[in-house]
file my_file25.pdb (PDB, C-alpha atoms and all ligand atoms)
ATOM      1  CA  MET A   1      97.582 100.880 112.300
ATOM      2  CA  LEU A   2      96.378 104.085 110.666
ATOM      3  CA  GLU A   3      92.814 105.393 110.630
ATOM      4  CA  VAL A   4      92.088 108.569 108.693
ATOM      5  CA  HIS A   5      88.651 110.064 109.204
ATOM      6  CA  GLU A   6      87.163 112.852 107.055
ATOM      7  CA  LEU A   7      90.554 114.560 106.785
ATOM      8  CA  THR A   8      90.328 118.011 105.180
ATOM      9  CA  LYS A   9      92.851 120.746 104.362
ATOM     10  CA  LYS A  10      91.861 124.150 103.027
ATOM     11  CA  PHE A  11      94.292 126.818 101.883
ATOM     12  CA  GLY A  12      92.126 129.952 102.061
ATOM     13  CA  GLY A  13      89.081 129.193  99.911
ATOM     14  CA  PHE A  14      90.803 126.298  98.119
ATOM     15  CA  THR A  15      90.239 122.745  99.369
ATOM     16  CA  ALA A  16      93.376 120.666  98.689
ATOM     17  CA  VAL A  17      92.185 117.587 100.620
ATOM     18  CA  ASN A  18      88.462 117.050 100.981
ATOM     19  CA  ARG A  19      87.034 114.749 103.674
ATOM     20  CA  ILE A  20      89.126 111.689 102.899
ATOM     21  CA  SER A  21      88.743 108.543 105.013
ATOM     22  CA  PHE A  22      90.806 105.373 104.782
ATOM     23  CA  GLU A  23      92.623 102.791 106.889
ATOM     24  CA  VAL A  24      96.000 101.140 106.553
ATOM     25  CA  GLN A  25      96.733  97.756 108.132
ATOM     26  CA  ARG A  26     100.067  96.924 109.742
ATOM     27  CA  GLY A  27     102.521  95.465 107.221
ATOM     28  CA  GLU A  28     100.725  96.714 104.094
ATOM     29  CA  ILE A  29     102.299  98.568 101.195
ATOM     30  CA  VAL A  30      99.618 100.971  99.987
ATOM     31  CA  GLY A  31      99.953 103.045  96.814
ATOM     32  CA  LEU A  32      98.595 106.608  96.802
ATOM     33  CA  ILE A  33      98.037 107.834  93.250
ATOM     34  CA  GLY A  34      96.277 110.635  91.398
ATOM     35  CA  PRO A  35      96.925 113.476  88.942
ATOM     36  CA  ASN A  36      99.325 116.357  89.696
ATOM     37  CA  GLY A  37      97.850 118.629  92.336
ATOM     38  CA  SER A  38      95.295 116.041  93.509
ATOM     39  CA  GLY A  39      96.443 116.317  97.144
ATOM     40  CA  LYS A  40      98.893 113.422  97.638
ATOM     41  CA  SER A  41     101.751 115.423  99.173
ATOM     42  CA  THR A  42      99.261 117.503 101.169
ATOM     43  CA  THR A  43      97.868 114.259 102.618
ATOM     44  CA  PHE A  44     101.406 113.251 103.632
ATOM     45  CA  ASN A  45     101.976 116.709 105.125
ATOM     46  CA  LEU A  46      98.808 116.281 107.191
ATOM     47  CA  LEU A  47      99.752 112.773 108.349
ATOM     48  CA  ALA A  48     103.306 113.851 109.208
ATOM     49  CA  GLY A  49     102.225 116.985 111.079
ATOM     50  CA  MET A  50     103.640 119.597 108.669
ATOM     51  CA  PHE A  51     100.121 120.986 108.243
ATOM     52  CA  GLU A  52      97.326 121.028 110.752
ATOM     53  CA  PRO A  53      94.091 119.610 109.337
ATOM     54  CA  THR A  54      91.246 122.085 108.804
ATOM     55  CA  SER A  55      88.978 119.285 110.034
ATOM     56  CA  GLY A  56      88.935 115.527 110.458
ATOM     57  CA  HIS A  57      91.255 113.358 112.479
ATOM     58  CA  VAL A  58      93.950 110.703 112.323
ATOM     59  CA  MET A  59      94.555 107.771 114.681
ATOM     60  CA  PHE A  60      97.910 105.975 114.653
ATOM     61  CA  ASP A  61      98.418 102.805 116.668
ATOM     62  CA  GLY A  62      95.221 103.581 118.553
ATOM     63  CA  GLN A  63      96.363 107.099 119.562
ATOM     64  CA  PRO A  64      94.997 110.403 118.216
ATOM     65  CA  MET A  65      97.655 112.016 116.057
ATOM     66  CA  SER A  66      96.081 115.097 114.501
ATOM     67  CA  GLY A  67      97.341 118.405 115.826
ATOM     68  CA  LEU A  68     100.658 116.970 117.116
ATOM     69  CA  SER A  69     103.930 118.542 115.958
ATOM     70  CA  SER A  70     105.904 116.860 113.179
ATOM     71  CA  SER A  71     108.750 115.987 115.570
ATOM     72  CA  HIS A  72     106.294 114.373 117.992
ATOM     73  CA  ILE A  73     104.697 112.361 115.176
ATOM     74  CA  CYS A  74     108.120 111.252 113.958
ATOM     75  CA  LYS A  75     109.019 110.073 117.473
ATOM     76  CA  GLN A  76     105.737 108.116 117.576
ATOM     77  CA  GLY A  77     106.962 106.165 114.543
ATOM     78  CA  VAL A  78     105.820 107.960 111.374
ATOM     79  CA  ALA A  79     108.574 109.020 108.958
ATOM     80  CA  ARG A  80     108.258 110.613 105.548
ATOM     81  CA  THR A  81     110.481 111.309 102.582
ATOM     82  CA  PHE A  82     110.199 114.548 100.655
ATOM     83  CA  GLN A  83     109.437 114.755  96.946
ATOM     84  CA  ILE A  84     112.419 117.106  96.552
ATOM     85  CA  PRO A  85     115.478 115.883  98.505
ATOM     86  CA  ARG A  86     117.030 118.591 100.693
ATOM     87  CA  PRO A  87     119.913 117.037 102.611
ATOM     88  CA  PHE A  88     122.367 118.997 104.772
ATOM     89  CA  ARG A  89     124.949 119.410 102.034
ATOM     90  CA  LYS A  90     127.825 120.384 104.286
ATOM     91  CA  LEU A  91     127.413 117.238 106.375
ATOM     92  CA  SER A  92     128.544 113.771 105.299
ATOM     93  CA  ILE A  93     126.060 111.073 104.284
ATOM     94  CA  LEU A  94     126.588 109.360 107.637
ATOM     95  CA  GLU A  95     126.078 112.629 109.560
ATOM     96  CA  ASN A  96     122.816 113.286 107.680
ATOM     97  CA  ALA A  97     121.488 109.876 108.706
ATOM     98  CA  THR A  98     122.835 110.233 112.278
ATOM     99  CA  LEU A  99     121.045 113.558 112.707
ATOM    100  CA  ALA A 100     117.812 111.897 111.585
ATOM    101  CA  ALA A 101     118.361 109.115 114.131
ATOM    102  CA  TYR A 102     118.665 111.697 116.947
ATOM    103  CA  TYR A 103     115.563 113.509 115.694
ATOM    104  CA  GLY A 104     113.406 110.391 115.517
ATOM    105  CA  ALA A 105     114.486 108.805 118.803
ATOM    106  CA  SER A 106     111.601 108.700 121.261
ATOM    107  CA  GLU A 107     114.078 108.979 124.170
ATOM    108  CA  PRO A 108     117.521 110.604 124.300
ATOM    109  CA  ILE A 109     120.134 108.319 122.712
ATOM    110  CA  THR A 110     123.935 108.259 122.808
ATOM    111  CA  LYS A 111     126.068 109.252 119.830
ATOM    112  CA  GLY A 112     127.054 105.609 119.471
ATOM    113  CA  GLU A 113     123.421 104.517 119.282
ATOM    114  CA  ALA A 114     122.534 107.290 116.782
ATOM    115  CA  GLU A 115     125.446 106.197 114.592
ATOM    116  CA  ARG A 116     124.411 102.566 114.877
ATOM    117  CA  ARG A 117     120.898 103.452 113.671
ATOM    118  CA  ALA A 118     122.403 105.543 110.851
ATOM    119  CA  HIS A 119     124.710 102.668 109.802
ATOM    120  CA  ASP A 120     121.793 100.276 109.823
ATOM    121  CA  ALA A 121     119.632 102.574 107.650
ATOM    122  CA  LEU A 122     122.461 103.267 105.194
ATOM    123  CA  SER A 123     123.285  99.590 104.800
ATOM    124  CA  LEU A 124     119.613  98.717 104.240
ATOM    125  CA  ILE A 125     119.511 101.331 101.474
ATOM    126  CA  ASP A 126     122.955 100.409 100.156
ATOM    127  CA  LEU A 127     124.603 103.816 100.667
ATOM    128  CA  PRO A 128     128.229 104.295 101.797
ATOM    129  CA  ARG A 129     128.763 104.271 105.584
ATOM    130  CA  ASP A 130     132.253 105.684 105.294
ATOM    131  CA  PRO A 131     132.350 108.885 107.447
ATOM    132  CA  ALA A 132     134.203 110.644 104.620
ATOM    133  CA  ALA A 133     131.468 109.996 101.983
ATOM    134  CA  ARG A 134     130.052 113.379 100.918
ATOM    135  CA  VAL A 135     126.521 114.287  99.842
ATOM    136  CA  ASP A 136     127.966 116.173  96.838
ATOM    137  CA  GLY A 137     129.055 112.873  95.309
ATOM    138  CA  LEU A 138     125.453 111.625  95.070
ATOM    139  CA  GLY A 139     123.435 111.762  91.841
ATOM    140  CA  ALA A 140     119.613 111.849  91.575
ATOM    141  CA  ALA A 141     119.260 108.192  92.582
ATOM    142  CA  GLY A 142     121.674 108.597  95.501
ATOM    143  CA  LEU A 143     119.866 111.677  96.841
ATOM    144  CA  LYS A 144     116.543 109.805  96.785
ATOM    145  CA  LYS A 145     118.207 106.940  98.634
ATOM    146  CA  LEU A 146     119.550 109.358 101.238
ATOM    147  CA  GLU A 147     116.000 110.679 101.795
ATOM    148  CA  MET A 148     114.921 107.109 102.444
ATOM    149  CA  ALA A 149     117.912 106.401 104.719
ATOM    150  CA  ARG A 150     117.176 109.516 106.782
ATOM    151  CA  ALA A 151     113.552 108.406 107.190
ATOM    152  CA  LEU A 152     114.603 104.867 108.158
ATOM    153  CA  ALA A 153     117.183 106.088 110.662
ATOM    154  CA  THR A 154     114.264 107.458 112.723
ATOM    155  CA  GLN A 155     113.138 103.813 113.096
ATOM    156  CA  PRO A 156     109.591 104.274 111.778
ATOM    157  CA  LYS A 157     106.650 101.905 112.028
ATOM    158  CA  LEU A 158     104.963 103.727 109.139
ATOM    159  CA  LEU A 159     106.929 105.146 106.210
ATOM    160  CA  LEU A 160     105.368 107.761 103.917
ATOM    161  CA  ALA A 161     107.398 107.706 100.692
ATOM    162  CA  ASP A 162     106.681 110.634  98.348
ATOM    163  CA  GLU A 163     107.579 109.995  94.699
ATOM    164  CA  SER A 164     110.892 108.393  95.196
ATOM    165  CA  LEU A 165     111.547 107.340  91.602
ATOM    166  CA  GLY A 166     111.282 110.491  89.437
ATOM    167  CA  GLY A 167     114.548 111.083  87.548
ATOM    168  CA  LEU A 168     115.773 107.484  87.852
ATOM    169  CA  ASP A 169     116.476 105.076  84.972
ATOM    170  CA  GLU A 170     114.660 101.723  84.560
ATOM    171  CA  THR A 171     117.216  99.668  86.491
ATOM    172  CA  GLU A 172     117.382 102.185  89.347
ATOM    173  CA  MET A 173     113.562 102.234  89.514
ATOM    174  CA  ALA A 174     113.319  98.441  89.716
ATOM    175  CA  GLN A 175     115.982  98.410  92.445
ATOM    176  CA  ALA A 176     114.181 101.117  94.432
ATOM    177  CA  ALA A 177     110.888  99.207  94.232
ATOM    178  CA  GLN A 178     112.561  96.013  95.450
ATOM    179  CA  MET A 179     114.158  98.025  98.245
ATOM    180  CA  LEU A 180     110.746  99.206  99.498
ATOM    181  CA  LYS A 181     109.523  95.628  99.441
ATOM    182  CA  ARG A 182     112.597  94.538 101.417
ATOM    183  CA  ILE A 183     111.986  97.291 103.997
ATOM    184  CA  ARG A 184     108.494  95.909 104.534
ATOM    185  CA  ASP A 185     109.391  92.194 104.365
ATOM    186  CA  GLU A 186     112.540  92.309 106.522
ATOM    187  CA  ARG A 187     111.674  95.113 108.932
ATOM    188  CA  GLY A 188     107.885  94.886 109.004
ATOM    189  CA  ILE A 189     107.585  98.606 108.217
ATOM    190  CA  THR A 190     104.195  99.634 106.848
ATOM    191  CA  ILE A 191     104.472 101.847 103.765
ATOM    192  CA  ILE A 192     102.314 104.362 101.902
ATOM    193  CA  TRP A 193     103.944 105.105  98.579
ATOM    194  CA  VAL A 194     103.150 108.011  96.260
ATOM    195  CA  GLU A 195     104.478 107.268  92.795
ATOM    196  CA  HIS A 196     103.479 108.232  89.252
ATOM    197  CA  ILE A 197     105.278 105.374  87.507
ATOM    198  CA  MET A 198     102.474 102.822  87.504
ATOM    199  CA  GLY A 199     104.352  99.801  86.116
ATOM    200  CA  VAL A 200     106.775  99.867  89.042
ATOM    201  CA  LEU A 201     104.271 100.852  91.748
ATOM    202  CA  MET A 202     101.773  98.128  90.837
ATOM    203  CA  LYS A 203     104.447  95.428  91.173
ATOM    204  CA  VAL A 204     104.935  96.167  94.846
ATOM    205  CA  ILE A 205     101.697  97.442  96.399
ATOM    206  CA  ASP A 206      98.990  95.388  98.114
ATOM    207  CA  ARG A 207      96.317  98.050  97.797
ATOM    208  CA  CYS A 208      95.823 101.421  96.162
ATOM    209  CA  LEU A 209      94.114 104.714  97.070
ATOM    210  CA  VAL A 210      93.245 107.198  94.314
ATOM    211  CA  LEU A 211      92.856 110.956  94.806
ATOM    212  CA  ASP A 212      91.397 113.481  92.388
ATOM    213  CA  HIS A 213      90.914 117.160  93.266
ATOM    214  CA  GLY A 214      91.468 116.324  96.925
ATOM    215  CA  GLU A 215      88.821 113.601  97.002
ATOM    216  CA  LEU A 216      89.350 109.893  97.478
ATOM    217  CA  ILE A 217      87.661 108.562  94.340
ATOM    218  CA  ALA A 218      88.647 104.886  94.590
ATOM    219  CA  GLN A 219      90.420 102.378  96.770
ATOM    220  CA  GLY A 220      91.012  98.652  96.356
ATOM    221  CA  SER A 221      93.320  96.061  94.898
ATOM    222  CA  PRO A 222      95.547  97.065  91.954
ATOM    223  CA  SER A 223      93.181  95.165  89.647
ATOM    224  CA  GLU A 224      90.070  96.897  91.043
ATOM    225  CA  VAL A 225      91.417 100.437  90.807
ATOM    226  CA  THR A 226      92.985 100.028  87.359
ATOM    227  CA  HIS A 227      89.618  98.821  85.990
ATOM    228  CA  ASP A 228      87.652 101.607  87.735
ATOM    229  CA  PRO A 229      86.139 103.830  84.992
ATOM    230  CA  ARG A 230      86.668 107.028  87.030
ATOM    231  CA  VAL A 231      90.333 106.221  87.708
ATOM    232  CA  ILE A 232      90.824 105.555  83.990
ATOM    233  CA  GLU A 233      89.107 108.834  83.106
ATOM    234  CA  VAL A 234      90.991 111.117  85.508
ATOM    235  CA  TYR A 235      94.369 109.425  85.741
ATOM    236  CA  LEU A 236      95.318 106.368  83.708
ATOM    237  CA  GLY A 237      93.883 107.563  80.369
ATOM    238  CA  THR A 238      95.427 105.842  77.366
ATOM    239  CA  ASP A 239      97.857 103.938  79.615
ATOM    240  CA  ALA A 240      94.986 102.045  81.269
ATOM    241  CA  GLN A 241      95.250  98.907  79.161
ATOM    242  CA  SER A 242      98.993  98.461  79.554
ATOM    243  CA  VAL A 243      98.767  99.060  83.336
ATOM    244  CA  GLN A 244      95.915  96.506  83.581
ATOM    245  CA  GLN A 245      98.027  93.976  81.650
ATOM    246  CA  GLN A 246     100.969  94.630  83.959
ATOM    247  CA  VAL A 247      98.748  94.064  87.025
ATOM    248  CA  ALA A 248      97.440  90.783  85.523
ATOM    249  CA  ARG A 249     101.027  89.631  84.818
ATOM    250  CA  ASN A 250     102.053  90.479  88.407
ATOM    251  CA  ALA A 251      99.100  88.476  89.766
ATOM    252  CA  SER A 252      99.909  85.418  87.653
ATOM    253  CA  SER A 253     103.628  85.538  88.516
ATOM    254  CA  GLN A 254     102.693  85.614  92.234
ATOM    255  CA  ASP A 255     100.470  82.535  91.711
ATOM    256  CA  THR A 256     103.269  80.465  90.205
TER     257      THR A 256
HETATM  258  N1  LIG A 301     101.147 125.399 101.190
HETATM  259  C1  LIG A 301     100.228 125.510 100.221
HETATM  260  N2  LIG A 301      99.527 126.658 100.025
HETATM  261  C2  LIG A 301      98.592 126.757  99.068
HETATM  262  N3  LIG A 301      98.250 125.758  98.217
HETATM  263  C3  LIG A 301      98.913 124.597  98.349
HETATM  264  C4  LIG A 301      99.930 124.407  99.341
HETATM  265  N4  LIG A 301     100.408 123.136  99.236
HETATM  266  C5  LIG A 301      99.728 122.567  98.216
HETATM  267  N5  LIG A 301      98.841 123.442  97.687
HETATM  268  C6  LIG A 301      97.910 123.168  96.589
HETATM  269  O1  LIG A 301      97.158 122.016  96.929
HETATM  270  C7  LIG A 301      96.924 121.201  95.784
HETATM  271  C8  LIG A 301      97.446 119.814  96.067
HETATM  272  O2  LIG A 301      98.865 119.852  96.058
HETATM  273  P1  LIG A 301      99.750 118.582  96.370
HETATM  274  O3  LIG A 301     101.157 119.055  96.423
HETATM  275  O4  LIG A 301      99.197 117.872  97.544
HETATM  276  O5  LIG A 301      99.503 117.696  95.051
HETATM  277  P2  LIG A 301     100.156 116.302  94.627
HETATM  278  O6  LIG A 301      99.035 115.342  94.440
HETATM  279  O7  LIG A 301     101.239 115.933  95.568
HETATM  280  O8  LIG A 301     100.755 116.663  93.187
HETATM  281  P3  LIG A 301     102.085 116.138  92.431
HETATM  282  O9  LIG A 301     101.721 114.825  91.816
HETATM  283  O10 LIG A 301     102.330 117.179  91.402
HETATM  284  O11 LIG A 301     103.181 116.049  93.441
HETATM  285  C9  LIG A 301      97.626 121.899  94.610
HETATM  286  O12 LIG A 301      96.662 122.645  93.911
HETATM  287  C10 LIG A 301      98.644 122.787  95.297
HETATM  288  O13 LIG A 301      98.925 123.945  94.520
HETATM  289 MG    MG A 302     103.282 115.744  95.420
END

call {"tool": "encode", "arguments": {"input": "my_file25.pdb", "output": "structure tokens", "more": "lines below"}}
Ligand SMILES: Nc1ncnc2c1ncn2[C@@H]1O[C@H](COP(=O)(O)OP(=O)(O)OP(=O)(O)O)[C@@H](O)[C@H]1O
Ligand SMILES: [Mg+2]
result
Amino acid sequence: MLEVHELTKKFGGFTAVNRISFEVQRGEIVGLIGPNGSGKSTTFNLLAGMFEPTSGHVMFDGQPMSGLSSSHICKQGVARTFQIPRPFRKLSILENATLAAYYGASEPITKGEAERRAHDALSLIDLPRDPAARVDGLGAAGLKKLEMARALATQPKLLLADESLGGLDETEMAQAAQMLKRIRDERGITIIWVEHIMGVLMKVIDRCLVLDHGELIAQGSPSEVTHDPRVIEVYLGTDAQSVQQQVARNASSQDT
């Protein structure tokens, strides 16, 4: 579904993403991990058309995607959430999702259809569909959910989810992870998920990509990447053993 070839982004003399190449298959949930500042959000910004690549290219569903505007890319079926939620605070929750549905529609749609798509996204995410429900009433977990609902209301084929769990408690994190899995299982939406909380991420992903200083230093199954000496050195550190144990437990629970 997605082919990324030698993708590079420079800000002046600084290279934030350096010649990364990878593929994502339809229906996969792929984790994208790496230390702070390693280029994860920049990669999403390149894929979603917020930034133009300095070099390299991206193919989505067999079509070249690099250089297209973010609205065009969204209409083609790629939606992203932002690390820091920024909803329209004066609009209701339903209006926020409805606006996203209009934005992501590949052809003009009626108000009724936009609201239907918004309702569908909000119910999938378990947010209130009541037209009176305000954004101000949402806490950290609710705002992250609204980001996700806005992305889903555009009816994506590929969802780029940027750190959706920061600031949530354990129960909320587990629910959010299950929600991503449901989005893939029930709707067939392919997902790339950036998340620092390894225990939760590793439960859900099929495959993992690892960035460090803008370079793709590893990719493979959760077990492969968590045993990779370079990934341990630059990212997992002293947590490596507990993350490896978690991955082994996940694998054995899937076998039974
Ligand atoms: N618009 C920009 N202009 C200049 N430098 C930028 C810009 N956006 C990102 N950077 C730099 O690029 C590098 C990668 O940033 P990016 O936000 O992609 O990291 P990240 O992996 O998402 O980190 P985190 O885990 O903290 O979210 C950082 O050094 C950052 O300061
Ligand atoms: Mg980031």

call {"tool": "closest_atom_pairs", "arguments": {"input": "my_file25.pdb", "of": "chain A", "to": "ligand LIG 301 (chain A)", "cutoff": "9 Å", "atoms": "all atoms listed in the file", "output": "Markdown table"}}
result
| residue | atom | partner | partner_atom | distance |
| --- | --- | --- | --- | --- |
| A:Lys9 | CA | A:LIG301 | O1 | 8.7 |
| A:Lys10 | CA | A:LIG301 | N3 | 8.2 |
| A:Phe11 | CA | A:LIG301 | C2 | 5.1 |
| A:Gly12 | CA | A:LIG301 | C2 | 7.8 |
| A:Phe14 | CA | A:LIG301 | N3 | 7.5 |
| A:Thr15 | CA | A:LIG301 | O1 | 7.4 |
| A:Ala16 | CA | A:LIG301 | O1 | 4.4 |
| A:Val17 | CA | A:LIG301 | C8 | 7.3 |
| A:Ile33 | CA | A:LIG301 | O6 | 7.7 |
| A:Gly34 | CA | A:LIG301 | O6 | 6.2 |
| A:Pro35 | CA | A:LIG301 | O9 | 5.8 |
| A:Asn36 | CA | A:LIG301 | O9 | 3.5 |
| A:Gly37 | CA | A:LIG301 | O5 | 3.3 |
| A:Ser38 | CA | A:LIG301 | O6 | 3.9 |
| A:Gly39 | CA | A:LIG301 | O4 | 3.2 |
| A:Lys40 | CA | A:LIG301 | O6 | 3.7 |
| A:Ser41 | CA | A:LIG301 | O7 | 3.7 |
| A:Thr42 | CA | A:LIG301 | O4 | 3.6 |
| A:Thr43 | CA | A:LIG301 | O4 | 6.4 |
| A:Phe44 | CA | A:LIG301 | O4 | 8.0 |
| A:Asn45 | CA | A:LIG301 | O4 | 8.2 |
| A:Phe51 | CA | A:LIG301 | N1 | 8.4 |
| A:Gln83 | CA | A:LIG301 | O11 | 7.3 |
| A:Asp162 | CA | A:LIG301 | O7 | 8.1 |
| A:Glu163 | CA | A:LIG301 | O11 | 7.6 |
| A:Val194 | CA | A:LIG301 | O7 | 8.2 |
| A:Glu195 | CA | A:LIG301 | O9 | 8.1 |
| A:His196 | CA | A:LIG301 | O9 | 7.3 |
| A:Leu211 | CA | A:LIG301 | O6 | 7.6 |
| A:Asp212 | CA | A:LIG301 | O6 | 8.1 |
| A:His213 | CA | A:LIG301 | C8 | 7.6 |
| A:Gly214 | CA | A:LIG301 | C8 | 7.0 |

call {"tool": "resolve_selection", "arguments": {"input": "my_file25.pdb", "expression": "the PyMOL selection byres (((chain A and resi 47) around 9) and not hetatm)", "output": "list of chain:residue names"}}
result
A:Val4, A:Thr42, A:Thr43, A:Phe44, A:Asn45, A:Leu46, A:Ala48, A:Gly49, A:Met50, A:Phe51, A:Glu52, A:Pro53, A:Val58, A:Met65, A:Ser66, A:Ser70, A:Ile73, A:Val78, A:Leu160

call {"tool": "atom_distance", "arguments": {"input": "my_file25.pdb", "atom1": "atom CA of A:Leu201", "atom2": "atom CA of A:Gly139"}}
result
22.1 Å

call {"tool": "atom_distance", "arguments": {"input": "my_file25.pdb", "atom1": "atom CA of A:Phe88", "atom2": "atom CA of A:Arg129"}}
result
16.1 Å

call {"tool": "closest_residue", "arguments": {"input": "my_file25.pdb", "among": "A:Val200, A:Asp228, A:Gly167, A:Ile84", "to": "ligand MG 302 (chain A)", "atoms": "only C-alpha atoms and all ligand atoms"}}
result
A:Ile84

call {"tool": "residues_around", "arguments": {"input": "my_file25.pdb", "residues": "A:Lys75", "least_positions_apart": "6", "cutoff": "12 Å", "atoms": "all atoms listed in the file", "output": "PyMOL selection string"}}
result
chain A and resi 48-49+65+68-69+100-108+151+153-158

call {"tool": "closest_residue", "arguments": {"input": "my_file25.pdb", "among": "A:Leu216, A:Ala121, A:Ala149, A:Ala161", "to": "ligand MG 302 (chain A)", "atoms": "all atoms listed in the file"}}
result
A:Ala161

call {"tool": "resolve_selection", "arguments": {"input": "my_file25.pdb", "expression": "the PyMOL selection byres (((chain A and resi 126) around 10) and not hetatm)", "output": "PDB file with C-alpha atoms, in the coordinates of the input"}}
result
ATOM      1  CA  ASP A 120     121.793 100.276 109.823  1.00  0.00           C
ATOM      2  CA  ALA A 121     119.632 102.574 107.650  1.00  0.00           C
ATOM      3  CA  LEU A 122     122.461 103.267 105.194  1.00  0.00           C
ATOM      4  CA  SER A 123     123.285  99.590 104.800  1.00  0.00           C
ATOM      5  CA  LEU A 124     119.613  98.717 104.240  1.00  0.00           C
ATOM      6  CA  ILE A 125     119.511 101.331 101.474  1.00  0.00           C
ATOM      7  CA  LEU A 127     124.603 103.816 100.667  1.00  0.00           C
ATOM      8  CA  PRO A 128     128.229 104.295 101.797  1.00  0.00           C
ATOM      9  CA  ARG A 129     128.763 104.271 105.584  1.00  0.00           C
ATOM     10  CA  GLY A 142     121.674 108.597  95.501  1.00  0.00           C
ATOM     11  CA  LYS A 145     118.207 106.940  98.634  1.00  0.00           C
ATOM     12  CA  LEU A 146     119.550 109.358 101.238  1.00  0.00           C
ATOM     13  CA  ALA A 149     117.912 106.401 104.719  1.00  0.00           C
ATOM     14  CA  MET A 179     114.158  98.025  98.245  1.00  0.00           C
TER      15      MET A 179
END

call {"tool": "closest_residue", "arguments": {"input": "my_file25.pdb", "among": "A:Ile217, A:Ala140, A:Leu32, A:Ile205", "to": "ligand MG 302 (chain A)", "atoms": "all atoms listed in the file"}}
result
A:Leu32

call {"tool": "closest_residue", "arguments": {"input": "my_file25.pdb", "among": "A:Leu99, A:Ile197, A:Gly137, A:Thr110", "to": "A:Glu170", "atoms": "all atoms listed in the file"}}
result
A:Ile197

call {"tool": "closest_residue", "arguments": {"input": "my_file25.pdb", "among": "A:Ala133, A:Cys74, A:Lys90, A:Gly166", "to": "ligand MG 302 (chain A)", "atoms": "all atoms listed in the file"}}
result
A:Gly166

call {"tool": "closest_residue", "arguments": {"input": "my_file25.pdb", "among": "A:Thr54, A:Phe82, A:Asn96, A:Cys208", "to": "ligand MG 302 (chain A)", "atoms": "all atoms listed in the file"}}
result
A:Phe82

call {"tool": "axis_aligned_box", "arguments": {"input": "my_file25.pdb", "around": "stretch 116-133 of chain A", "padding_each_side": "8 Å", "output": "JSON"}}
result
{"center_x": 126.9, "center_y": 104.7, "center_z": 107.5, "size_x": 30.7, "size_y": 27.9, "size_z": 30.7}

call {"tool": "residues_around", "arguments": {"input": "my_file25.pdb", "residues": "A:Leu180", "least_positions_apart": "5", "cutoff": "12 Å", "atoms": "all atoms listed in the file", "output": "count of residues only"}}
result
33

call {"tool": "atom_distance", "arguments": {"input": "my_file25.pdb", "atom1": "atom CA of A:Ala118", "atom2": "atom CA of A:Leu91"}}
result
13.5 Å

call {"tool": "residues_around", "arguments": {"input": "my_file25.pdb", "residues": "A:Pro131", "least_positions_apart": "5", "cutoff": "9 Å", "atoms": "all atoms listed in the file", "output": "VMD selection string"}}
result
chain A and resid 92 to 95

call {"tool": "resolve_selection", "arguments": {"input": "my_file25.pdb", "expression": "the PyMOL selection byres (((chain A and resi 232) around 12) and not hetatm)", "output": "PyMOL selection string"}}
result
chain A and resi 33-35+210+212+217-218+224-231+233-244

call {"tool": "write_last_selection", "arguments": {"input": "my_file25.pdb", "atoms": "C-alpha atoms", "output": "mmCIF file, in the coordinates of the input"}}
result
data_model
loop_
_atom_site.group_PDB
_atom_site.id
_atom_site.type_symbol
_atom_site.label_atom_id
_atom_site.label_comp_id
_atom_site.auth_asym_id
_atom_site.auth_seq_id
_atom_site.Cartn_x
_atom_site.Cartn_y
_atom_site.Cartn_z
ATOM 1 C CA ILE A 33 98.037 107.834 93.250
ATOM 2 C CA GLY A 34 96.277 110.635 91.398
ATOM 3 C CA PRO A 35 96.925 113.476 88.942
ATOM 4 C CA VAL A 210 93.245 107.198 94.314
ATOM 5 C CA ASP A 212 91.397 113.481 92.388
ATOM 6 C CA ILE A 217 87.661 108.562 94.340
ATOM 7 C CA ALA A 218 88.647 104.886 94.590
ATOM 8 C CA GLU A 224 90.070 96.897 91.043
ATOM 9 C CA VAL A 225 91.417 100.437 90.807
ATOM 10 C CA THR A 226 92.985 100.028 87.359
ATOM 11 C CA HIS A 227 89.618 98.821 85.990
ATOM 12 C CA ASP A 228 87.652 101.607 87.735
ATOM 13 C CA PRO A 229 86.139 103.830 84.992
ATOM 14 C CA ARG A 230 86.668 107.028 87.030
ATOM 15 C CA VAL A 231 90.333 106.221 87.708
ATOM 16 C CA GLU A 233 89.107 108.834 83.106
ATOM 17 C CA VAL A 234 90.991 111.117 85.508
ATOM 18 C CA TYR A 235 94.369 109.425 85.741
ATOM 19 C CA LEU A 236 95.318 106.368 83.708
ATOM 20 C CA GLY A 237 93.883 107.563 80.369
ATOM 21 C CA THR A 238 95.427 105.842 77.366
ATOM 22 C CA ASP A 239 97.857 103.938 79.615
ATOM 23 C CA ALA A 240 94.986 102.045 81.269
ATOM 24 C CA GLN A 241 95.250 98.907 79.161
ATOM 25 C CA SER A 242 98.993 98.461 79.554
ATOM 26 C CA VAL A 243 98.767 99.060 83.336
ATOM 27 C CA GLN A 244 95.915 96.506 83.581
#
